[in-house]
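Asks: The structure under discussion is supplied below as structure tokens; questions concerning it will follow.
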Amino acid sequence: MEEKEKTPGQQLREALLNQKKNGWDVVDQATEQAIFDYCEGYKVFLDKGKTERTCVDYTVELAEAAGFVPLERGMELQPGAKVYRVNRGRAVNLAIIGSIPLDQGVSITASHIDSPRLDLKPTPLYEENELAFFKTHYYGGIKKYQWVTIPLELRGVVAMKDGSVINVSVGGHPGDPLFTIDDLLPHLGVAQSQKKLGEAIPAENLNILVGSRPLKDDDGKDRVKLAVMKLLYDHYGIREPDFISAEIEAVPAFNAVDIGFDRSLIGAYGHDDRVCGYAGLKALLDLEGVPGRTAVCVLADKEEIGSEGVSGMQSAFFETFMGDLCASQKVPLRVCLEKSFCLSTDVTAAYDPNFADVYEKNNSAQVNYGIGLCKYTGSRGKGGASDAGAELVAYVRRLLDDRGILWQMAELGKVDQGGGGTVACYMANRNIDTLDAGVPVLSMHAPFETVSKLDCYMTYAACKAVYEG
């Protein structure tokens, strides 16, 4: 059939207006298959990496299988060399040395691999009315009511005084018991239901039920607590004082699953921000040959609490890693950083028509429209944002358009409605040109978040484009 000639108005509309299209209407069949294949690997990454420590462990496993080796100080690094360095088991940086000298800068993707959760307190175990509980302190921004009456598992480490470290994992294997936090029954919840959402479940009530069976042949107090402690000692060899030097997290006992009749979405715990962490990692692992500029993947910790601490993006770990790369070519670190580019890959809010009043639709990311580019994040007057320059945004537009990668602009809701931050400002503070970008997420920070498979893949493609330059 002969194609109908476009009217002058249609031609003008195409030439001048920004017309976004649903990605599934744009991609071809081969790309569709690539999207679904990529997301199968991502779901495995989520299931294996439910904490920042297990995320690092699996990252190292994948990296070493791809030929990466630990970066040692003083190593001679030739173009094509693949190196990584782990920061105290909770963060990791990886790089492939490029053919262009480091004095011309590097190409970076920076994500975080910590997610909102519940941490056990240093003295967590107690008994009340012949029930045993773990006390918790929530980590990151959560809605506390979402964490009650869901299945939880426990993951982490216990560091012993003799220097040994014991891995703890209960709930993640077939046949393991699970845990939960109680809520008040509706029959007695009249007063509770009249409270604000943020006050209905007090933080000190996020106590994990861990046992109810008292120890036999004992007439002392706290027999249920003692029975639980005996089980832990028999299995792990730990005593109650050892909790003081432990990092044990309670995370949702959900595996990543397809959502929707069409399987176009993924539901899981930890999309924020492992969805972008995996995109940056997988893109690095999939690079073929020697890149032009050195490609660097940063997977940081502690973003959900301000990127503070020795494993956060504000620490000196990144400079130390980059400094050792630069030393191999006798290049001053500051010279390398000032010519570098960083795509700060963190999730953004997906427009949700069920809560339309908090979004500004013209500037909100939509599910299935590709990676969201965020010129600025922050809150109330762009506070805490790096606010990328116009020239930098134009560079990324060109980079993605030249490769047919679907993208959209994004903001985190209406002005003065709220806001949030990423690691972008800390990279920009190092004199690195930085732009925020990431996957739009529904139900962000909930124990079970939802993302589009198409958006996941386009974020991976964008990271690969950054590395390839």
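Residues in the structure tokens are named by chain (A, B, ... in the order shown) and by number from 1 within that chain; ligands are numbered from 1 in the order shown.
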Out of region 35-125 of chain A, which residues get helix (DSSP H, G or I) from DSSP, as a PDB file with N, CA, C and O atoms, in the first residue's frame?
Replies:
ATOM      1  N   ILE A  35      16.378  -7.917  25.274  1.00  0.00           N
ATOM      2  CA  ILE A  35      15.838  -7.365  26.524  1.00  0.00           C
ATOM      3  C   ILE A  35      15.498  -8.484  27.505  1.00  0.00           C
ATOM      4  O   ILE A  35      15.894  -8.454  28.676  1.00  0.00           O
ATOM      5  N   PHE A  36      14.771  -9.489  27.036  1.00  0.00           N
ATOM      6  CA  PHE A  36      14.346 -10.574  27.933  1.00  0.00           C
ATOM      7  C   PHE A  36      15.545 -11.418  28.377  1.00  0.00           C
ATOM      8  O   PHE A  36      15.612 -11.849  29.532  1.00  0.00           O
ATOM      9  N   ASP A  37      16.499 -11.639  27.475  1.00  0.00           N
ATOM     10  CA  ASP A  37      17.690 -12.407  27.850  1.00  0.00           C
ATOM     11  C   ASP A  37      18.501 -11.674  28.911  1.00  0.00           C
ATOM     12  O   ASP A  37      18.963 -12.275  29.893  1.00  0.00           O
ATOM     13  N   TYR A  38      18.695 -10.389  28.729  1.00  0.00           N
ATOM     14  CA  TYR A  38      19.458  -9.585  29.689  1.00  0.00           C
ATOM     15  C   TYR A  38      18.817  -9.639  31.072  1.00  0.00           C
ATOM     16  O   TYR A  38      19.502  -9.777  32.089  1.00  0.00           O
ATOM     17  N   CYS A  39      17.504  -9.553  31.114  1.00  0.00           N
ATOM     18  CA  CYS A  39      16.810  -9.484  32.401  1.00  0.00           C
ATOM     19  C   CYS A  39      16.841 -10.811  33.159  1.00  0.00           C
ATOM     20  O   CYS A  39      16.685 -10.818  34.387  1.00  0.00           O
ATOM     21  N   GLU A  40      17.029 -11.925  32.463  1.00  0.00           N
ATOM     22  CA  GLU A  40      17.195 -13.191  33.177  1.00  0.00           C
ATOM     23  C   GLU A  40      18.472 -13.160  34.020  1.00  0.00           C
ATOM     24  O   GLU A  40      18.483 -13.604  35.172  1.00  0.00           O
ATOM     25  N   GLY A  41      19.547 -12.634  33.458  1.00  0.00           N
ATOM     26  CA  GLY A  41      20.781 -12.493  34.227  1.00  0.00           C
ATOM     27  C   GLY A  41      20.635 -11.511  35.361  1.00  0.00           C
ATOM     28  O   GLY A  41      21.188 -11.715  36.450  1.00  0.00           O
ATOM     29  N   TYR A  42      19.874 -10.442  35.133  1.00  0.00           N
ATOM     30  CA  TYR A  42      19.667  -9.454  36.186  1.00  0.00           C
ATOM     31  C   TYR A  42      18.900 -10.048  37.360  1.00  0.00           C
ATOM     32  O   TYR A  42      19.216  -9.784  38.525  1.00  0.00           O
ATOM     33  N   LYS A  43      17.916 -10.890  37.101  1.00  0.00           N
ATOM     34  CA  LYS A  43      17.146 -11.505  38.187  1.00  0.00           C
ATOM     35  C   LYS A  43      18.042 -12.405  39.047  1.00  0.00           C
ATOM     36  O   LYS A  43      17.892 -12.446  40.276  1.00  0.00           O
ATOM     37  N   VAL A  44      18.968 -13.097  38.415  1.00  0.00           N
ATOM     38  CA  VAL A  44      19.922 -13.912  39.176  1.00  0.00           C
ATOM     39  C   VAL A  44      20.783 -13.015  40.067  1.00  0.00           C
ATOM     40  O   VAL A  44      21.044 -13.325  41.240  1.00  0.00           O
ATOM     41  N   PHE A  45      21.225 -11.888  39.517  1.00  0.00           N
ATOM     42  CA  PHE A  45      22.028 -10.932  40.280  1.00  0.00           C
ATOM     43  C   PHE A  45      21.274 -10.464  41.518  1.00  0.00           C
ATOM     44  O   PHE A  45      21.846 -10.359  42.613  1.00  0.00           O
ATOM     45  N   LEU A  46      19.985 -10.177  41.371  1.00  0.00           N
ATOM     46  CA  LEU A  46      19.182  -9.744  42.509  1.00  0.00           C
ATOM     47  C   LEU A  46      19.069 -10.828  43.570  1.00  0.00           C
ATOM     48  O   LEU A  46      19.206 -10.562  44.770  1.00  0.00           O
ATOM     49  N   ASP A  47      18.811 -12.056  43.136  1.00  0.00           N
ATOM     50  CA  ASP A  47      18.615 -13.146  44.095  1.00  0.00           C
ATOM     51  C   ASP A  47      19.902 -13.483  44.845  1.00  0.00           C
ATOM     52  O   ASP A  47      19.864 -13.837  46.024  1.00  0.00           O
ATOM     53  N   LYS A  48      21.034 -13.359  44.165  1.00  0.00           N
ATOM     54  CA  LYS A  48      22.312 -13.675  44.804  1.00  0.00           C
ATOM     55  C   LYS A  48      22.857 -12.502  45.613  1.00  0.00           C
ATOM     56  O   LYS A  48      23.686 -12.699  46.502  1.00  0.00           O
ATOM     57  N   GLU A  52      24.658  -5.747  50.385  1.00  0.00           N
ATOM     58  CA  GLU A  52      25.825  -5.198  49.683  1.00  0.00           C
ATOM     59  C   GLU A  52      27.001  -6.179  49.710  1.00  0.00           C
ATOM     60  O   GLU A  52      27.775  -6.260  48.743  1.00  0.00           O
ATOM     61  N   ARG A  53      27.142  -6.957  50.775  1.00  0.00           N
ATOM     62  CA  ARG A  53      28.247  -7.921  50.846  1.00  0.00           C
ATOM     63  C   ARG A  53      28.064  -9.055  49.831  1.00  0.00           C
ATOM     64  O   ARG A  53      29.007  -9.420  49.123  1.00  0.00           O
ATOM     65  N   THR A  54      26.853  -9.628  49.759  1.00  0.00           N
ATOM     66  CA  THR A  54      26.641 -10.715  48.807  1.00  0.00           C
ATOM     67  C   THR A  54      26.645 -10.185  47.376  1.00  0.00           C
ATOM     68  O   THR A  54      27.016 -10.897  46.438  1.00  0.00           O
ATOM     69  N   CYS A  55      26.276  -8.922  47.209  1.00  0.00           N
ATOM     70  CA  CYS A  55      26.352  -8.295  45.893  1.00  0.00           C
ATOM     71  C   CYS A  55      27.814  -8.186  45.443  1.00  0.00           C
ATOM     72  O   CYS A  55      28.139  -8.476  44.288  1.00  0.00           O
ATOM     73  N   VAL A  56      28.678  -7.777  46.351  1.00  0.00           N
ATOM     74  CA  VAL A  56      30.114  -7.699  46.034  1.00  0.00           C
ATOM     75  C   VAL A  56      30.664  -9.083  45.727  1.00  0.00           C
ATOM     76  O   VAL A  56      31.428  -9.275  44.765  1.00  0.00           O
ATOM     77  N   ASP A  57      30.289 -10.080  46.524  1.00  0.00           N
ATOM     78  CA  ASP A  57      30.780 -11.446  46.304  1.00  0.00           C
ATOM     79  C   ASP A  57      30.428 -11.941  44.901  1.00  0.00           C
ATOM     80  O   ASP A  57      31.275 -12.514  44.197  1.00  0.00           O
ATOM     81  N   TYR A  58      29.176 -11.719  44.494  1.00  0.00           N
ATOM     82  CA  TYR A  58      28.751 -12.202  43.177  1.00  0.00           C
ATOM     83  C   TYR A  58      29.392 -11.376  42.061  1.00  0.00           C
ATOM     84  O   TYR A  58      29.728 -11.903  40.994  1.00  0.00           O
ATOM     85  N   THR A  59      29.575 -10.086  42.307  1.00  0.00           N
ATOM     86  CA  THR A  59      30.265  -9.239  41.334  1.00  0.00           C
ATOM     87  C   THR A  59      31.683  -9.742  41.077  1.00  0.00           C
ATOM     88  O   THR A  59      32.132  -9.847  39.924  1.00  0.00           O
ATOM     89  N   VAL A  60      32.389 -10.058  42.144  1.00  0.00           N
ATOM     90  CA  VAL A  60      33.756 -10.565  42.003  1.00  0.00           C
ATOM     91  C   VAL A  60      33.752 -11.902  41.260  1.00  0.00           C
ATOM     92  O   VAL A  60      34.621 -12.160  40.405  1.00  0.00           O
ATOM     93  N   GLU A  61      32.783 -12.749  41.568  1.00  0.00           N
ATOM     94  CA  GLU A  61      32.673 -14.036  40.868  1.00  0.00           C
ATOM     95  C   GLU A  61      32.509 -13.822  39.363  1.00  0.00           C
ATOM     96  O   GLU A  61      33.190 -14.470  38.548  1.00  0.00           O
ATOM     97  N   LEU A  62      31.616 -12.923  38.983  1.00  0.00           N
ATOM     98  CA  LEU A  62      31.395 -12.640  37.567  1.00  0.00           C
ATOM     99  C   LEU A  62      32.631 -11.997  36.930  1.00  0.00           C
ATOM    100  O   LEU A  62      33.007 -12.326  35.796  1.00  0.00           O
ATOM    101  N   ALA A  63      33.258 -11.070  37.664  1.00  0.00           N
ATOM    102  CA  ALA A  63      34.411 -10.361  37.121  1.00  0.00           C
ATOM    103  C   ALA A  63      35.595 -11.302  36.889  1.00  0.00           C
ATOM    104  O   ALA A  63      36.247 -11.256  35.837  1.00  0.00           O
ATOM    105  N   GLU A  64      35.867 -12.152  37.853  1.00  0.00           N
ATOM    106  CA  GLU A  64      37.001 -13.071  37.700  1.00  0.00           C
ATOM    107  C   GLU A  64      36.748 -14.062  36.567  1.00  0.00           C
ATOM    108  O   GLU A  64      37.679 -14.436  35.843  1.00  0.00           O
ATOM    109  N   ALA A  65      35.498 -14.464  36.381  1.00  0.00           N
ATOM    110  CA  ALA A  65      35.169 -15.345  35.260  1.00  0.00           C
ATOM    111  C   ALA A  65      35.406 -14.647  33.920  1.00  0.00           C
ATOM    112  O   ALA A  65      35.651 -15.303  32.899  1.00  0.00           O
ATOM    113  N   LEU A 102      45.592   7.988  30.422  1.00  0.00           N
ATOM    114  CA  LEU A 102      44.706   8.438  31.498  1.00  0.00           C
ATOM    115  C   LEU A 102      44.696   9.951  31.664  1.00  0.00           C
ATOM    116  O   LEU A 102      43.793  10.494  32.308  1.00  0.00           O
ATOM    117  N   ASP A 103      45.672  10.652  31.098  1.00  0.00           N
ATOM    118  CA  ASP A 103      45.634  12.111  31.197  1.00  0.00           C
ATOM    119  C   ASP A 103      44.515  12.708  30.340  1.00  0.00           C
ATOM    120  O   ASP A 103      44.234  13.904  30.414  1.00  0.00           O
ATOM    121  N   GLN A 104      43.840  11.868  29.553  1.00  0.00           N
ATOM    122  CA  GLN A 104      42.679  12.295  28.780  1.00  0.00           C
ATOM    123  C   GLN A 104      41.368  11.910  29.461  1.00  0.00           C
ATOM    124  O   GLN A 104      40.291  12.045  28.874  1.00  0.00           O
TER     125      GLN A 104
END
Asks: Which polymer residues have any atom within 9 Å of an atom of Thr109 (chain A), counting only C-alpha atoms, with same-chain residues fewer than 6 positions away left out, as a list of chain:residue names?
Replies: A:Gly277, A:Gly280, A:Leu281, A:Ala295, A:Val296, A:Cys297, A:Val298, A:Leu299, A:Phe341, A:Cys342, A:Leu343, A:Ser344, A:Thr345, A:Cys463, A:Val466, A:Tyr467
Asks: With N, CA, C and O atoms retained, write the just-selected residues as an mmCIF file, in the first residue's frame.
Replies:
data_model
loop_
_atom_site.group_PDB
_atom_site.id
_atom_site.type_symbol
_atom_site.label_atom_id
_atom_site.label_comp_id
_atom_site.auth_asym_id
_atom_site.auth_seq_id
_atom_site.Cartn_x
_atom_site.Cartn_y
_atom_site.Cartn_z
ATOM 1 N N GLY A 277 23.373 -0.820 39.180
ATOM 2 C CA GLY A 277 24.668 -1.442 39.454
ATOM 3 C C GLY A 277 24.942 -2.588 38.507
ATOM 4 O O GLY A 277 26.051 -2.723 37.964
ATOM 5 N N GLY A 280 25.728 -1.263 34.909
ATOM 6 C CA GLY A 280 27.105 -0.801 34.750
ATOM 7 C C GLY A 280 28.095 -1.941 34.745
ATOM 8 O O GLY A 280 29.059 -1.946 33.966
ATOM 9 N N LEU A 281 27.872 -2.928 35.611
ATOM 10 C CA LEU A 281 28.765 -4.085 35.678
ATOM 11 C C LEU A 281 28.678 -4.926 34.417
ATOM 12 O O LEU A 281 29.702 -5.264 33.797
ATOM 13 N N ALA A 295 37.617 2.388 31.029
ATOM 14 C CA ALA A 295 36.241 2.243 31.501
ATOM 15 C C ALA A 295 36.253 1.838 32.973
ATOM 16 O O ALA A 295 36.934 0.869 33.348
ATOM 17 N N VAL A 296 35.506 2.555 33.788
ATOM 18 C CA VAL A 296 35.502 2.336 35.238
ATOM 19 C C VAL A 296 34.068 2.142 35.715
ATOM 20 O O VAL A 296 33.185 2.947 35.395
ATOM 21 N N CYS A 297 33.844 1.093 36.477
ATOM 22 C CA CYS A 297 32.537 0.811 37.090
ATOM 23 C C CYS A 297 32.675 0.928 38.599
ATOM 24 O O CYS A 297 33.513 0.245 39.206
ATOM 25 N N VAL A 298 31.879 1.790 39.208
ATOM 26 C CA VAL A 298 31.901 2.017 40.653
ATOM 27 C C VAL A 298 30.613 1.465 41.251
ATOM 28 O O VAL A 298 29.511 1.862 40.845
ATOM 29 N N LEU A 299 30.742 0.560 42.207
ATOM 30 C CA LEU A 299 29.595 0.024 42.952
ATOM 31 C C LEU A 299 29.819 0.365 44.419
ATOM 32 O O LEU A 299 30.605 -0.286 45.108
ATOM 33 N N PHE A 341 34.338 11.672 32.566
ATOM 34 C CA PHE A 341 32.874 11.781 32.561
ATOM 35 C C PHE A 341 32.286 10.644 33.378
ATOM 36 O O PHE A 341 32.743 9.505 33.288
ATOM 37 N N CYS A 342 31.275 10.979 34.166
ATOM 38 C CA CYS A 342 30.601 9.969 34.983
ATOM 39 C C CYS A 342 29.104 9.991 34.725
ATOM 40 O O CYS A 342 28.463 11.051 34.815
ATOM 41 N N LEU A 343 28.546 8.836 34.406
ATOM 42 C CA LEU A 343 27.108 8.649 34.395
ATOM 43 C C LEU A 343 26.740 8.081 35.763
ATOM 44 O O LEU A 343 27.038 6.928 36.070
ATOM 45 N N SER A 344 26.145 8.930 36.593
ATOM 46 C CA SER A 344 25.728 8.503 37.933
ATOM 47 C C SER A 344 24.410 7.763 37.788
ATOM 48 O O SER A 344 23.346 8.370 37.649
ATOM 49 N N THR A 345 24.485 6.458 37.804
ATOM 50 C CA THR A 345 23.308 5.649 37.494
ATOM 51 C C THR A 345 22.574 5.252 38.772
ATOM 52 O O THR A 345 22.999 4.359 39.494
ATOM 53 N N CYS A 463 25.008 2.501 29.598
ATOM 54 C CA CYS A 463 26.294 2.309 30.270
ATOM 55 C C CYS A 463 27.358 1.829 29.288
ATOM 56 O O CYS A 463 28.504 2.300 29.304
ATOM 57 N N VAL A 466 28.548 4.678 27.205
ATOM 58 C CA VAL A 466 29.470 5.540 27.936
ATOM 59 C C VAL A 466 30.876 4.951 27.899
ATOM 60 O O VAL A 466 31.863 5.672 27.652
ATOM 61 N N TYR A 467 31.000 3.662 28.151
ATOM 62 C CA TYR A 467 32.314 3.027 28.136
ATOM 63 C C TYR A 467 32.959 3.086 26.747
ATOM 64 O O TYR A 467 34.171 3.302 26.628
#
Asks: Between A:Val393, A:Ala446, A:Leu185, A:Ile113, which residue has the minimum interatomic distance to Lys302 (chain A), considering only C-alpha atoms?
Replies: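 The answer is A:Ile113, which sits nearest to Lys302 (chain A).
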Asks: What's around Val257 (chain A) at 9 Å? Count only C-alpha atoms, leave out sequence neighbours fewer than 4 positions away in its own chain, and write the answer as a list in words.
Replies: Lys43, Arg263, Leu265, Ile266, Gly267 and Ala268 of chain A
Asks: Taking only C-alpha atoms into account, name the residue in A:Lys330, A:Arg223, A:Lys282, A:Lys414 that is nearest to Leu77 (chain A).
Replies: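 Of all the options, A:Lys330 lies closest to Leu77 (chain A).
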Asks: Find, counting only C-alpha atoms, the residue in A:Ala424, A:Met322, A:Ile248, A:Val331 that gets nearest to Tyr376 (chain A).
Replies: A:Ala424
Asks: Determine the nearest neighbour of Lys143 (chain A) from the options A:Asn129, A:Leu206, A:Ile305, A:Gly381, counting only C-alpha atoms.
Replies: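 Nearest to Lys143 (chain A): A:Leu206.
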Asks: Quick check for you: according to DSSP on this backbone, which residues of region 184-228 of chain A are classed as strand (DSSP E or B)? Reply as a list in words.
Replies: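 Taking region 184-228 of chain A and keeping strand (DSSP E or B) only, one gets Ile208, Leu209, Val210 and Gly211 of chain A.
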Asks: Got a sec: who's within 12 Å of Leu215 (chain A), counting only C-alpha atoms, leaving out chain neighbours fewer than 6 positions off, as a list in words?
Replies: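 In the requested format, the answer is Glu130, Ala132, Lys221, Asp222, Arg223, Val224, Lys225, Leu226, Ala227, Val228, Met229, Lys230 and Leu231 of chain A.
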Asks: Figure out the distance between CA of Lys453 (chain A) and CA of Ala30 (chain A), please, to one decimal in Å.
Replies: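 Computed distance, CA of Ala30 (chain A) to CA of Lys453 (chain A), equals 14.5 Å.
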Asks: Counting only C-alpha atoms, which residue out of A:Arg430, A:Arg155, A:Lys195, A:Lys161 sits closest to Glu338 (chain A)?
Replies: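 Closest candidate: A:Arg430.
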Asks: At what distance in Å, to one decimal, does CA of Phe243 (chain A) lie from CA of Pro122 (chain A)?
Replies: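 About the pair CA of Pro122 (chain A) and CA of Phe243 (chain A): they are 5.6 Å apart.
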Asks: When distances are computed from only C-alpha atoms, which of A:Ala66, A:Leu131, A:Ile100, A:Pro332 shows the smallest separation from Arg213 (chain A)?
Replies: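 Smallest distance to Arg213 (chain A) is found for A:Leu131.
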Asks: Skip Ser340 (chain A) itself and residues of its chain fewer than 5 positions away, then list as a PyMOL selection string all residues within 8 Å of it, counting only C-alpha atoms.
Replies: chain A and resi 104-108+432-433
Asks: Can those selected residues be exported to a file as a short mmCIF file (atom, residue, chain, number, x, y, z; two decimals), in the first residue's frame so that it contains N, CA, C and O atoms?
Replies:
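Listed below is the output, part.cif:
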data_model
loop_
_atom_site.label_atom_id
_atom_site.label_comp_id
_atom_site.auth_asym_id
_atom_site.auth_seq_id
_atom_site.Cartn_x
_atom_site.Cartn_y
_atom_site.Cartn_z
N GLN A 104 43.84 11.87 29.55
CA GLN A 104 42.68 12.30 28.78
C GLN A 104 41.37 11.91 29.46
O GLN A 104 40.29 12.04 28.87
N GLY A 105 41.47 11.43 30.70
CA GLY A 105 40.28 11.11 31.47
C GLY A 105 39.80 9.68 31.28
O GLY A 105 40.35 8.92 30.47
N VAL A 106 38.78 9.32 32.05
CA VAL A 106 38.18 7.98 31.99
C VAL A 106 36.67 8.11 31.86
O VAL A 106 36.10 9.18 32.08
N SER A 107 36.01 7.02 31.50
CA SER A 107 34.55 6.97 31.39
C SER A 107 34.02 6.12 32.54
O SER A 107 34.39 4.94 32.66
N ILE A 108 33.14 6.70 33.36
CA ILE A 108 32.73 6.08 34.62
C ILE A 108 31.22 5.88 34.65
O ILE A 108 30.46 6.74 34.21
N ILE A 432 34.57 16.08 38.28
CA ILE A 432 34.23 15.17 37.20
C ILE A 432 32.87 15.59 36.64
O ILE A 432 31.90 15.73 37.39
N ASP A 433 32.79 15.80 35.33
CA ASP A 433 31.50 16.07 34.70
C ASP A 433 30.58 14.88 34.95
O ASP A 433 30.91 13.75 34.59
#
Asks: I'd like the contact shell of Tyr145 (chain A) - 8 Å cut-off, only C-alpha atoms, skipping same-chain residues fewer than 3 positions apart - returned as a list in words.
Replies: Val148, Leu197, Gly198, Ala200 and Ile201 of chain A
Asks: For a test of reading the model, state the distance in Å between CA of Gly80 (chain A) and CA of Leu94 (chain A), rounded to one decimal.
Replies: 12.6 Å
